[in-house]
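Visitor: My structure is stored as run.cif, with mmCIF, C-alpha atoms.
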```cif
data_protein
loop_
_atom_site.label_atom_id
_atom_site.label_comp_id
_atom_site.auth_asym_id
_atom_site.auth_seq_id
_atom_site.Cartn_x
_atom_site.Cartn_y
_atom_site.Cartn_z
CA MET A 24 6.53 -38.40 -50.85
CA SER A 25 8.48 -37.25 -53.90
CA ASN A 26 12.21 -37.60 -54.43
CA ALA A 27 12.08 -34.75 -56.94
CA SER A 28 15.01 -32.41 -56.86
CA PRO A 29 15.33 -28.96 -58.39
CA TYR A 30 18.48 -30.33 -60.06
CA GLY A 31 18.76 -32.84 -62.84
CA GLU A 32 19.81 -36.46 -62.72
CA VAL A 33 23.44 -35.73 -63.66
CA ILE A 34 23.91 -33.43 -60.67
CA GLN A 35 22.23 -35.88 -58.32
CA GLU A 36 24.35 -38.78 -59.61
CA HIS A 37 27.65 -36.88 -59.28
CA PHE A 38 26.65 -35.61 -55.83
CA ARG A 39 25.80 -39.09 -54.54
CA HIS A 40 28.65 -40.87 -56.36
CA PRO A 41 31.35 -38.30 -57.10
CA ARG A 42 34.12 -39.27 -59.47
CA ASN A 43 37.75 -38.47 -58.64
CA TYR A 44 36.98 -37.62 -55.01
CA GLY A 45 40.00 -37.77 -52.73
CA SER A 46 43.67 -36.90 -52.84
CA LEU A 47 46.68 -37.75 -54.97
CA ASP A 48 49.81 -39.09 -53.26
CA ALA A 49 52.12 -36.40 -54.67
CA PRO A 50 50.18 -33.84 -56.71
CA ASP A 51 52.05 -31.43 -58.92
CA VAL A 52 49.23 -28.89 -58.71
CA ARG A 53 47.28 -28.41 -55.51
CA HIS A 54 45.05 -25.43 -54.89
CA GLU A 55 42.16 -24.69 -52.58
CA GLY A 56 39.26 -22.36 -53.29
CA PHE A 57 36.67 -20.96 -50.91
CA ASN A 58 33.35 -19.20 -51.38
CA PRO A 59 32.88 -16.95 -48.35
CA PHE A 60 29.21 -16.31 -49.20
CA CYS A 61 28.05 -19.92 -48.85
CA GLY A 62 30.99 -21.65 -47.16
CA ASP A 63 31.85 -24.06 -50.00
CA ARG A 64 35.49 -25.11 -49.96
CA VAL A 65 37.21 -27.22 -52.63
CA ARG A 66 40.73 -28.52 -53.19
CA ILE A 67 41.79 -29.48 -56.71
CA GLU A 68 44.86 -31.67 -57.22
CA LEU A 69 46.54 -32.62 -60.49
CA SER A 70 49.38 -34.88 -61.55
CA VAL A 71 51.20 -33.52 -64.59
CA GLU A 72 53.66 -35.27 -66.90
CA ALA A 73 55.10 -33.68 -70.05
CA ASN A 74 52.65 -30.77 -69.75
CA ALA A 75 49.63 -33.15 -69.74
CA ILE A 76 47.26 -33.91 -66.87
CA THR A 77 47.55 -37.58 -65.95
CA ALA A 78 45.25 -37.53 -62.90
CA ALA A 79 42.84 -35.11 -61.24
CA ARG A 80 41.18 -35.27 -57.82
CA PHE A 81 39.05 -33.01 -55.67
CA ALA A 82 37.97 -32.88 -52.06
CA GLY A 83 36.09 -30.42 -49.95
CA ASP A 84 33.03 -29.37 -48.05
CA LEU A 85 30.64 -28.66 -50.90
CA CYS A 86 26.97 -28.17 -51.71
CA MET A 87 25.27 -30.47 -54.23
CA ILE A 88 26.00 -28.25 -57.25
CA ALA A 89 29.65 -27.55 -56.36
CA LYS A 90 30.33 -31.22 -55.64
CA ALA A 91 28.76 -32.31 -58.94
CA ALA A 92 30.64 -29.57 -60.81
CA SER A 93 33.92 -30.69 -59.22
CA SER A 94 33.24 -34.32 -60.12
CA LEU A 95 32.38 -33.48 -63.72
CA LEU A 96 35.28 -31.06 -64.06
CA THR A 97 37.93 -33.48 -62.84
CA GLY A 98 36.52 -36.07 -65.23
CA MET A 99 37.17 -33.73 -68.16
CA LEU A 100 40.81 -33.11 -67.33
CA GLU A 101 42.74 -36.34 -67.77
CA GLY A 102 44.79 -36.20 -70.97
CA LEU A 103 44.42 -32.44 -71.46
CA SER A 104 47.53 -30.31 -71.79
CA LEU A 105 47.88 -27.46 -69.34
CA ASP A 106 47.21 -25.11 -72.28
CA GLU A 107 43.92 -26.90 -72.98
CA VAL A 108 42.71 -26.22 -69.43
CA ALA A 109 41.77 -22.77 -70.74
CA THR A 110 39.23 -24.42 -73.08
CA VAL A 111 37.31 -25.86 -70.14
CA ASP A 112 34.96 -23.01 -69.46
CA GLU A 113 31.74 -22.37 -67.59
CA ARG A 114 29.59 -23.20 -70.64
CA ARG A 115 31.26 -26.60 -71.10
CA LEU A 116 30.71 -27.43 -67.44
CA LEU A 117 27.07 -26.28 -67.54
CA ASP A 118 26.47 -28.38 -70.67
CA ALA A 119 27.85 -31.43 -68.85
CA MET A 120 25.48 -30.78 -65.93
CA GLN A 121 22.49 -31.04 -68.31
CA THR A 122 20.21 -28.77 -66.29
CA GLU A 123 19.52 -25.10 -65.73
CA ILE A 124 21.38 -23.48 -62.83
CA ARG A 125 19.83 -20.39 -61.25
CA PRO A 126 22.02 -17.27 -61.40
CA ALA A 127 22.23 -17.20 -57.59
CA ARG A 128 23.88 -20.66 -57.67
CA MET A 129 26.35 -20.03 -60.51
CA GLN A 130 29.18 -19.39 -58.04
CA CYS A 131 28.80 -23.04 -57.02
CA VAL A 132 29.64 -24.02 -60.61
CA ARG A 133 32.45 -21.47 -60.91
CA LEU A 134 34.27 -22.36 -57.68
CA PRO A 135 35.98 -25.58 -58.86
CA LEU A 136 36.69 -24.09 -62.28
CA GLU A 137 38.30 -20.96 -60.84
CA THR A 138 40.22 -23.07 -58.32
CA LEU A 139 41.56 -25.26 -61.13
CA LYS A 140 42.64 -22.34 -63.30
CA THR A 141 44.25 -20.44 -60.44
CA GLY A 142 46.12 -23.57 -59.34
CA VAL A 143 47.43 -24.24 -62.86
CA GLU A 144 48.51 -20.60 -63.25
CA MET A 145 50.30 -20.60 -59.89
CA TRP A 146 52.07 -23.88 -60.77
CA ARG A 147 53.21 -22.48 -64.09
CA ASN A 148 54.53 -19.32 -62.43
CA ARG A 149 56.37 -21.10 -59.62
#
```
Before anything else, please render the file you have as structure tokens.

Guide:
Amino acid sequence: MSNASPYGEVIQEHFRHPRNYGSLDAPDVRHEGFNPFCGDRVRIELSVEANAITAARFAGDLCMIAKAASSLLTGMLEGLSLDEVATVDERRLLDAMQTEIRPARMQCVRLPLETLKTGVEMWRNR
């Protein structure tokens, strides 16, 4: 019996052992995203001091790809300014995943990224 997965080792590792999973005690930014087509739901939380992200967490009911993307994404954020969040794009996240993602599953990659960017924008406009 094979343990082969259609996804690479990075995705499997971040799915089984996600980084930054959970909640912050008092997040400055907190936003939830939902994909109605597959049912994935993610919450991104950030602590911000002097316009820089000092901590990032995620939680949710997510498929393997979305959970790995959320884990990788939150790992990229600490130390970034809120302006630099715009530099974290789909390509950067896909490169970190180190495997090909089928077009039908790209929304699983985009969900945490869109949730992050919407949350930051809403916080800035509060």

Visitor: From the set A:Lys140, A:Arg42, A:Arg114, A:Arg53, which residue has the shortest atom-to-atom contact distance to Val71 (chain A), counting only C-alpha atoms?

Guide: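 The shortest atom-to-atom distance to Val71 (chain A) comes from A:Arg53.
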
Visitor: Can you translate the PyMOL selection byres ((chain A and resi 104) around 9) into the concrete residues it hits in this file, as a ChimeraX atom specification?

Guide: /A:71,73-76,100-103,105-108

Visitor: Please report the interatomic distance between CA of Ala89 (chain A) and CA of Ala109 (chain A) in Å with one decimal.

Guide: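 Straight-line distance from CA of Ala89 (chain A) to CA of Ala109 (chain A) works out to 19.4 Å.
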
Visitor: Can you tell me which residues surround region 30-34 of chain A at a distance of at most 6 Å, considering all atoms listed in the file, apart from same-chain residues fewer than 5 positions away, and format the answer as a compact mmCIF listing (two decimals) with C-alpha atoms, in the coordinates of the input?

Guide:
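New file out-v8.txt:
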```txt
# COMPACT_ATOMS: atom_id res chain seq x y z
CA ALA A 91 28.76 -32.31 -58.94
CA MET A 120 25.48 -30.78 -65.93
CA THR A 122 20.21 -28.77 -66.29
```

Visitor: Could you check the closest approach to Asn58 (chain A) for each of A:Asn148, A:Thr141, A:Thr97, A:Gln130 and tell me which residue wins, using all atoms listed in the file?

Guide: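 That would be A:Gln130, the residue with the smallest distance to Asn58 (chain A).
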
Visitor: Tell me which of A:Glu68, A:Glu137, A:Asp112, A:Glu144 sits closest to Asn43 (chain A), counting all atoms listed in the file.

Guide: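 The answer is A:Glu68, which sits nearest to Asn43 (chain A).
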
Visitor: So, with all atoms listed in the file as the atoms that count, which of A:Ile88, A:Ile67, A:Leu96, A:Val52 lies closest to Ile124 (chain A)?

Guide: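 Looking at the shortest contact to Ile124 (chain A), the residue is A:Ile88.
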
Visitor: Between A:His40, A:Arg128, A:Lys90, A:Arg80, which is the closest to Arg64 (chain A) once you count all atoms listed in the file?

Guide: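 Among the listed residues, the smallest separation from Arg64 (chain A) belongs to A:Lys90.
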
Visitor: Within 12 Å of (48.7, -32.9, -55.6) (coordinates as in the file), grab all the protein and nucleic acid residues, counting all atoms listed in the file, and write them out as a PDB file with C-alpha atoms, in the frame of the given file.

Guide:
```pdb
ATOM      1  CA  GLY A  45      40.000 -37.770 -52.730  1.00  0.00           C
ATOM      2  CA  SER A  46      43.670 -36.900 -52.840  1.00  0.00           C
ATOM      3  CA  LEU A  47      46.680 -37.750 -54.970  1.00  0.00           C
ATOM      4  CA  ASP A  48      49.810 -39.090 -53.260  1.00  0.00           C
ATOM      5  CA  ALA A  49      52.120 -36.400 -54.670  1.00  0.00           C
ATOM      6  CA  PRO A  50      50.180 -33.840 -56.710  1.00  0.00           C
ATOM      7  CA  ASP A  51      52.050 -31.430 -58.920  1.00  0.00           C
ATOM      8  CA  VAL A  52      49.230 -28.890 -58.710  1.00  0.00           C
ATOM      9  CA  ARG A  53      47.280 -28.410 -55.510  1.00  0.00           C
ATOM     10  CA  HIS A  54      45.050 -25.430 -54.890  1.00  0.00           C
ATOM     11  CA  GLU A  55      42.160 -24.690 -52.580  1.00  0.00           C
ATOM     12  CA  ARG A  66      40.730 -28.520 -53.190  1.00  0.00           C
ATOM     13  CA  ILE A  67      41.790 -29.480 -56.710  1.00  0.00           C
ATOM     14  CA  GLU A  68      44.860 -31.670 -57.220  1.00  0.00           C
ATOM     15  CA  LEU A  69      46.540 -32.620 -60.490  1.00  0.00           C
ATOM     16  CA  SER A  70      49.380 -34.880 -61.550  1.00  0.00           C
ATOM     17  CA  VAL A  71      51.200 -33.520 -64.590  1.00  0.00           C
ATOM     18  CA  ILE A  76      47.260 -33.910 -66.870  1.00  0.00           C
ATOM     19  CA  THR A  77      47.550 -37.580 -65.950  1.00  0.00           C
ATOM     20  CA  ALA A  78      45.250 -37.530 -62.900  1.00  0.00           C
ATOM     21  CA  ALA A  79      42.840 -35.110 -61.240  1.00  0.00           C
ATOM     22  CA  ARG A  80      41.180 -35.270 -57.820  1.00  0.00           C
ATOM     23  CA  PHE A  81      39.050 -33.010 -55.670  1.00  0.00           C
ATOM     24  CA  ALA A  82      37.970 -32.880 -52.060  1.00  0.00           C
ATOM     25  CA  LEU A 139      41.560 -25.260 -61.130  1.00  0.00           C
ATOM     26  CA  GLY A 142      46.120 -23.570 -59.340  1.00  0.00           C
ATOM     27  CA  VAL A 143      47.430 -24.240 -62.860  1.00  0.00           C
ATOM     28  CA  TRP A 146      52.070 -23.880 -60.770  1.00  0.00           C
TER      29      TRP A 146
END
```

Visitor: Could you work out how far CA of Thr138 (chain A) lies from CA of Leu116 (chain A), giving the answer in Å with one decimal?

Guide: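 Computed distance, CA of Leu116 (chain A) to CA of Thr138 (chain A), equals 13.9 Å.
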
Visitor: Between A:Pro29, A:Gly62, A:Pro41, A:Pro126, which is the closest to Cys86 (chain A) once you count all atoms listed in the file?

Guide: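 Smallest distance to Cys86 (chain A) is found for A:Gly62.
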
Visitor: How far is it from CA of Glu123 (chain A) to CA of Val65 (chain A), in Å with one decimal?

Guide: 22.1 Å

Visitor: (31.1, -20.5, -61.9) in this file's frame - what residues fall within 7 Å of it? Use all atoms listed in the file and give the answer as a PyMOL selection string.

Guide: chain A and resi 113+129-134+136

Visitor: Could you give me the axis-aligned bounding box of region 31-37 of chain A, with 4 Å of padding per side, as centre plus edge lengths in Å to one decimal, as lines of an AutoDock Vina configuration file?

Guide:
```
center_x = 23.2
center_y = -35.8
center_z = -61.0
size_x = 16.9
size_y = 13.9
size_z = 13.3
```
